[in-house]
Amino acid sequence: MKKRYLPLAILATAALSLTACSSGTTGGSGSDATGQTLDVWIMQGTNTESDDFFDRVGEEFTKETGAKLNVEMVQWADAHDRFVTAIAGGTTPDVAETGTTWTAEFAESGALAPIGDYVTEAGLDGELVEGLVEAGTLDDTLYGMPWYAGVRSVIYRTDIFEAAGIAVPTNWAEFQDAIVALKASNPDIIPFPVAGDAEQLTYPWVWGAGGEVATKKGDTWTSGLDSAESQAGIKFYTDLALEHGSSTAGATTWKETDVLDNFAQGKVGMAVMGSWTPATILDKNPELEGKIGSFPIPGQTSGISPSMLGGSHLSMFESSENKDLAWTFMNMMTTGEFATEWATQSGYFPGETTALDATVASADEITQAFATQMVDGGASLPVTPKFGAVQAKKTTNTMIQSILSGEKTVEQASADAAAEMTEILNEK
Amino acid sequence: MTTTIQSPAAVGTSRSAAAGGPGPRRRRAITIAAARPWLLLAPALIVLAVLLLWPLVRVLIFSFQDYGLREIVSGDTNFIGVDNYVEALTDPQLWSVVLPNTVLFAVLAVLCTVVLGTLVAILMTNLSVLWRTVVGSAIMVAWAMPAVTGTYVWVWIFDADSGIVNQLLMGAGLMDEPFNWFTNRWSFYLIVLINVVHHGFPFVAITVMAGLLGVSKEMLEAAQMDGAGPIRRFFQITFPSLKQVFTVVIILSTIWDFKVFGQVYLMPGGSGTNRSVLNLGVWSYVESFGQNRYGFGSAIAVLLTLVLLVITVIYIRVLMKEDEL
Amino acid sequence: MSRKITPARVRRNVIVGALVTLLLIFTLFPAFWMISSAFDANAASGARGLFPSELTLDNFIYVLNDGGFAVFLRNSLVVAVAVVLASAVLSLLASVAVARFRFKFRTSMLLMILIVQMVPMEALVIPLFVQVRDLHLLNTLLGLIIVYITISLPFGIWMLRGFVAAVPVELEEAAFLDGASWWRMFRSVMLPLVMPGLVATSVFSFITAWNEFIFAMTMLGGASEKYTVAIGLKQFFGEHSNDWGSVMAASTLITLPVMIFFIVVQGKLSSGLVAGAVKG
């Protein structure tokens, strides 16, 4: 039983039993919140139309509660440090979007308010995507309200593939052949960048080869990055760059945003990117309209290589003075119309199952591949507050970068990374 | 070396007593005179005490604790003795990567900055007024470039895919495919070195040049008459009379170059991904904020401060007499 | 000695000329490259020459409007001016105390001032952050200003005491004999003479206020409308790391005010620095 695969199908059926979409507001803050302001932090770059979106949410929110909504956009890259300093400084907002791997960490510091009772009261128990609930739970208490989820799949240039007569690859061997063919037909483009500062682009190859990032036995975590399977996956992935010229020297220090930027500039043939990126790509470079497609990350021999089911929670901070008001906002955002709209605009999938079904049903062609990836190939990273520390330490990034730069072999690098990860995960 | 330097203060004391004027006002004047330095110092001292000394003491206190986010929020203490220091000092990374990077870089950077700055200063004194102004202005441009912008400009110049350095090298046929300068420890620090020297030598050049212009012409000419070559003249006359200038310039450069942070942190891979380029400052920061281990980060910071302290004390012992302070 | 054109003289001029050229290239190239990329419509497109292939102001318009640099520049200006003025006043007063008076703890005070300069900024981030939090000044420019004043004070005091010590005591005594009060003497005798030193220290406090980004990052974390240029640029780079045209345009906007300021004060600065160092 592979824990990391999310029992989404089970969820969907469970959701059917609870039909009603309870979008009615709880807490009954009503008009007594007039004159108050709710401070909210939202991550930037998720939705290209977020300004307009939050204008309308704000209007609706004011209509419903009388309170004002103050949305501050936060950049992902700095977000972790900003949260930490805000928590330390007592300057946290009322509600914030928190990355799923951070919620437990912030909850552990005592900064987040438990929201389980609100969820129960709103009749949302069992209505939320389990992977997100799990990530938002610490010591059996729910702190993160599932908002949206996303996965990474391969986005590629349909025009280039067609012109060169390359078929969509369905396994790793074909994937490698496609890269070689791309390099031959279009020497000017980067066939498939292997980014050295992007851990999420690495895990699919680890999982796809049958490896694990980390597993828990009893109370002890063990990183599986140095298992034979993981090493085979990592070797395949890095060899694409080192042996088959799929990448560039510059990509050794790229982050995911660099991959996105270069793809948008038309310099990249295909890349593993998030379900939220197509809108951004087209926003940055409208010329690519109709020239991009997507397919799930192929499995080693067949099927799908899983990618992380990442996403965001909306979390309520203990510092919030009017928690009912905060919940009203959270409920409004994560269920019903606004949830579906946000998901459709951004390319994410809602964290509430009713909205999720609605989104998947109306998904366009590009989104379909991501929906498939999410249902059949969505995996989760180790659920522990300490994994945030692993990410902050950039353990996996360091591993990939040192392999790409030739500083270490796959064996050395993965052994070092596994040792470091195991140590951090088991710190008290 | 006790020329005019310590006398003003001594004269100042007698003067403030004497200048208080005659008669009955004198007694009051003495009390005011005694209080005056403290009155003058008070605003600066208060600010320094509240925002520098007390935080410094706190860093020391933190460094003996397992101090995380929870402790910061609650204000609780959690003492663990010297564990943080033991961990830092027994970390093989400290000895194989962090310390060599910090110390070797600082030594090289100080050396390059001071030597280049001095050479430029000598060059400038040999120029006509017009050219001296031109070069002076150019130096100002280099100095004026803020560290953050400067770093990004150098990153752009050395960018692997479209940076001009790689383009030139490839165009000249010296390189077959682009090289990523940021992944290799040596080339990474070469760029940091260029960046830091570029930003740092103007201060040295301007200071030394102004000092050079003040060196006695008569002595130099006399030495020339005696047949001393330019190099000997520099080390026998110019250098000794600029000893204080060099002391200040070297101490300040050392302090600045040991603490180099942004120039490393903002480069690709510099914020922790590329472990082989960590230095003490960056290590302290990423351990503190990335791992929420403020106690451990503080211990590293204390170590860095101690290293600087030792070096400065040595400098002062060698180059300065206490009464010159 | 002779003014005649001799082979040795020619050779010397050629060498000097070559050195000056090399120096100018080294000092000016980054600034040139930055500005040239900022005006280039296709800066990030790969192979670009020394000069923009297609001149454009779009990069500047983009960073000023969408990048928010108009606000960042204003914030930084407010911070820089406040820091320069306040730290000049405070360090001048303090330097008069340590240079003109001999009192108990004077040497230890000077040693302390020297030592606090050695403390790495990163070490102070956490305690200073807690301190500013306790003063309820997080997310405010005032909090940042106070922190920067603190950072620039030790250096300012250390530099300025040399200037103050260099003011001839006879001049002061003459002023006293003329019946001037101490403050009067301070204003009309000492202040003009230490002006070059004030310029020098102001340059350093200005650099601090304009360049610093760790404290800005932690103390203004939750308020991007309060960002200063350094942290604003860092944020912008995080989002547009491959849009070199815009990044360089933002860098140019940040750098130009400093460059102008530096070139204007150049003359005063050089005499100021050396006086501070020599007499120090």
# chains A, B, ... in the order shown; residues from 1 in each chain; ligands from 1

$ residues_around --residues "Val132 of chain C" --least-positions-apart "5" --cutoff "7 Å" --atoms "only C-alpha atoms" --output "ChimeraX atom specification"
/C:137-138,143

$ interface_residues --of "chain A" --to "chain B" --cutoff "7 Å" --atoms "only C-alpha atoms" --output "list in words"
Asp81, Ile87, Ala88, Ser109, Gly110, Asp197, Ala249, Gly250, Thr253, Ala389, Ala392, Lys393, Lys394, Asn397, Thr398 and Ser405 of chain A

$ interface_residues --of "chain B" --to "chain C" --cutoff "6 Å" --atoms "only C-alpha atoms" --output "PDB file with C-alpha atoms, in the first residue's frame"
ATOM      1  CA  PRO B   8      43.733  68.199  21.429  1.00  0.00           C
ATOM      2  CA  ALA B   9      41.889  66.130  23.942  1.00  0.00           C
ATOM      3  CA  GLY B  12      40.599  70.425  25.430  1.00  0.00           C
ATOM      4  CA  THR B  13      40.219  69.354  29.008  1.00  0.00           C
ATOM      5  CA  PRO B  37      31.004  65.089  27.092  1.00  0.00           C
ATOM      6  CA  LEU B  40      27.066  65.226  23.898  1.00  0.00           C
ATOM      7  CA  LEU B  41      27.371  61.478  23.944  1.00  0.00           C
ATOM      8  CA  ALA B  44      24.197  58.443  20.405  1.00  0.00           C
ATOM      9  CA  LEU B  48      23.519  52.451  20.503  1.00  0.00           C
ATOM     10  CA  PRO B  55      20.695  43.148  20.922  1.00  0.00           C
ATOM     11  CA  SER B 137      34.189  60.309 -11.381  1.00  0.00           C
ATOM     12  CA  VAL B 141      30.278  55.435 -10.419  1.00  0.00           C
ATOM     13  CA  ALA B 142      31.702  52.074  -9.367  1.00  0.00           C
ATOM     14  CA  ALA B 144      27.862  54.301  -6.094  1.00  0.00           C
ATOM     15  CA  MET B 145      26.460  51.096  -7.496  1.00  0.00           C
ATOM     16  CA  PRO B 146      24.480  49.602  -4.598  1.00  0.00           C
ATOM     17  CA  THR B 149      22.216  46.093  -8.053  1.00  0.00           C
ATOM     18  CA  SER B 162      22.978  34.862 -22.492  1.00  0.00           C
ATOM     19  CA  ILE B 206      40.188  58.023  -2.936  1.00  0.00           C
ATOM     20  CA  THR B 207      41.470  57.872   0.619  1.00  0.00           C
ATOM     21  CA  ALA B 210      44.228  62.272  -0.870  1.00  0.00           C
ATOM     22  CA  GLY B 211      46.865  60.982   1.525  1.00  0.00           C
ATOM     23  CA  GLN B 244      47.578  55.530   9.493  1.00  0.00           C
ATOM     24  CA  VAL B 245      45.646  55.789   6.272  1.00  0.00           C
ATOM     25  CA  ILE B 255      35.554  44.123   8.601  1.00  0.00           C
ATOM     26  CA  LYS B 259      30.896  40.122   6.634  1.00  0.00           C
ATOM     27  CA  SER B 298      23.296  33.142  16.778  1.00  0.00           C
ATOM     28  CA  ALA B 301      27.209  34.783  14.359  1.00  0.00           C
ATOM     29  CA  THR B 305      32.246  38.197  15.497  1.00  0.00           C
TER      30      THR B 305
END

$ interface_residues --of "chain A" --to "chain C" --cutoff "8 Å" --atoms "only C-alpha atoms" --output "number ranges by chain"
A: 75, 77-78, 81-82, 85-86, 88-92, 257-258, 261-262

$ write_last_selection --atoms "C-alpha atoms" --output "PDB file, in the first residue's frame"
ATOM      1  CA  GLN A  75       5.603  36.444  -3.465  1.00  0.00           C
ATOM      2  CA  ALA A  77       9.979  33.023  -3.039  1.00  0.00           C
ATOM      3  CA  ASP A  78      10.019  35.201   0.076  1.00  0.00           C
ATOM      4  CA  ASP A  81      10.590  34.048   5.641  1.00  0.00           C
ATOM      5  CA  ARG A  82       7.824  36.608   5.639  1.00  0.00           C
ATOM      6  CA  THR A  85       9.026  37.026  10.699  1.00  0.00           C
ATOM      7  CA  ALA A  86       5.368  37.977  10.899  1.00  0.00           C
ATOM      8  CA  ALA A  88       7.733  36.137  15.378  1.00  0.00           C
ATOM      9  CA  GLY A  89       6.790  39.779  15.245  1.00  0.00           C
ATOM     10  CA  GLY A  90       3.111  39.327  15.967  1.00  0.00           C
ATOM     11  CA  THR A  91       2.199  41.099  12.754  1.00  0.00           C
ATOM     12  CA  THR A  92       0.338  38.228  11.159  1.00  0.00           C
ATOM     13  CA  THR A 257      10.299  30.295 -12.222  1.00  0.00           C
ATOM     14  CA  ASP A 258      13.274  30.290 -14.569  1.00  0.00           C
ATOM     15  CA  ASP A 261      10.225  32.278 -17.945  1.00  0.00           C
ATOM     16  CA  ASN A 262      12.282  30.502 -20.548  1.00  0.00           C
TER      17      ASN A 262
END

$ select_by_dssp --residues "segment 167-245 of chain A" --states "strand (DSSP E)" --output "list in words"
Ala214, Thr215, Lys216, Lys217, Thr220, Trp221, Thr222 and Ser223 of chain A

$ residues_around --residues "segment 136-140 of chain A" --least-positions-apart "3" --cutoff "8 Å" --atoms "only C-alpha atoms" --output "PyMOL selection string"
chain A and resi 100+103-104+107-108+132-133+143-146+313

$ atom_distance --atom1 "atom CA of Glu423 of chain A" --atom2 "atom CA of Thr395 of chain A"
11.2 Å

$ closest_residue --among "A:Phe54, A:Phe61, A:Phe338, A:Phe106" --to "Ala33 of chain A" --atoms "only C-alpha atoms"
A:Phe61

$ select_by_dssp --residues "segment 158-382 of chain A" --states "alpha helix (DSSP H)" --output "ChimeraX atom specification"
/A:158-164,172-185,203-208,228-242,256-264,277-284,323-334,336-346,353-361,365-377

$ residues_around --residues "Ala88 of chain B" --least-positions-apart "5" --cutoff "9 Å" --atoms "only C-alpha atoms" --output "CSV table (one decimal) with N, CA and C atoms, in the first residue's frame"
chain,number,residue,atom,x,y,z
B,83,ASP,N,25.7,23.6,23.7
B,83,ASP,CA,25.4,22.6,22.6
B,83,ASP,C,25.6,23.2,21.2
B,93,GLN,N,31.4,20.7,7.9
B,93,GLN,CA,31.1,21.7,6.9
B,93,GLN,C,31.8,23.0,7.3
B,94,LEU,N,31.9,23.3,8.6
B,94,LEU,CA,32.5,24.5,9.0
B,94,LEU,C,34.0,24.6,8.6
B,296,PHE,N,21.1,28.4,17.1
B,296,PHE,CA,22.3,27.9,16.4
B,296,PHE,C,22.9,29.0,15.5
B,299,ALA,N,24.8,31.4,17.5
B,299,ALA,CA,26.1,30.8,17.8
B,299,ALA,C,27.1,31.1,16.7
B,300,ILE,N,26.7,30.8,15.4
B,300,ILE,CA,27.6,31.0,14.3
B,300,ILE,C,27.9,32.5,14.2

$ residues_around --residues "Ala228 of chain A" --least-positions-apart "2" --cutoff "10 Å" --atoms "only C-alpha atoms" --output "list in words"
Ala209, Gly210, Gly211, Gly224, Leu225, Asp226, Ser230, Gln231, Ala232, Gly233, Ile234 and Glu411 of chain A

$ residues_around --residues "Val78 of chain C" --least-positions-apart "2" --cutoff "12 Å" --atoms "only C-alpha atoms" --output "PDB file with C-alpha atoms, in the first residue's frame"
ATOM      1  CA  VAL C  71       6.961  53.840  -4.468  1.00  0.00           C
ATOM      2  CA  PHE C  72      10.184  52.028  -3.547  1.00  0.00           C
ATOM      3  CA  LEU C  73      12.278  55.003  -4.664  1.00  0.00           C
ATOM      4  CA  ARG C  74      10.178  57.384  -2.612  1.00  0.00           C
ATOM      5  CA  ASN C  75      10.440  55.157   0.466  1.00  0.00           C
ATOM      6  CA  SER C  76      14.187  54.829   0.093  1.00  0.00           C
ATOM      7  CA  ALA C  80      18.013  57.804   3.334  1.00  0.00           C
ATOM      8  CA  VAL C  81      17.461  61.488   4.040  1.00  0.00           C
ATOM      9  CA  ALA C  82      16.268  60.834   7.566  1.00  0.00           C
ATOM     10  CA  VAL C  83      19.172  58.502   8.285  1.00  0.00           C
ATOM     11  CA  VAL C  84      21.776  60.869   6.847  1.00  0.00           C
ATOM     12  CA  LEU C  85      20.532  63.853   8.824  1.00  0.00           C
ATOM     13  CA  THR C 140       7.051  51.052   9.508  1.00  0.00           C
ATOM     14  CA  LEU C 141       9.695  53.145   7.815  1.00  0.00           C
ATOM     15  CA  LEU C 142      10.447  54.766  11.158  1.00  0.00           C
ATOM     16  CA  LEU C 144      13.876  50.900   9.672  1.00  0.00           C
ATOM     17  CA  ILE C 145      15.237  54.449   9.929  1.00  0.00           C
ATOM     18  CA  PHE C 206      23.480  57.061   2.712  1.00  0.00           C
ATOM     19  CA  ALA C 209      20.244  53.223   3.992  1.00  0.00           C
ATOM     20  CA  TRP C 210      20.125  52.726   0.259  1.00  0.00           C
ATOM     21  CA  LYS C 226       6.805  50.253   2.464  1.00  0.00           C
ATOM     22  CA  TYR C 227       9.594  48.446   0.631  1.00  0.00           C
ATOM     23  CA  THR C 228      12.866  50.207  -0.014  1.00  0.00           C
ATOM     24  CA  VAL C 229      14.668  49.890  -3.324  1.00  0.00           C
TER      25      VAL C 229
END

$ residues_around --residues "Trp221 of chain A" --least-positions-apart "3" --cutoff "7 Å" --atoms "only C-alpha atoms" --output "VMD selection string"
chain A and resid 214 to 217 422 425 to 426
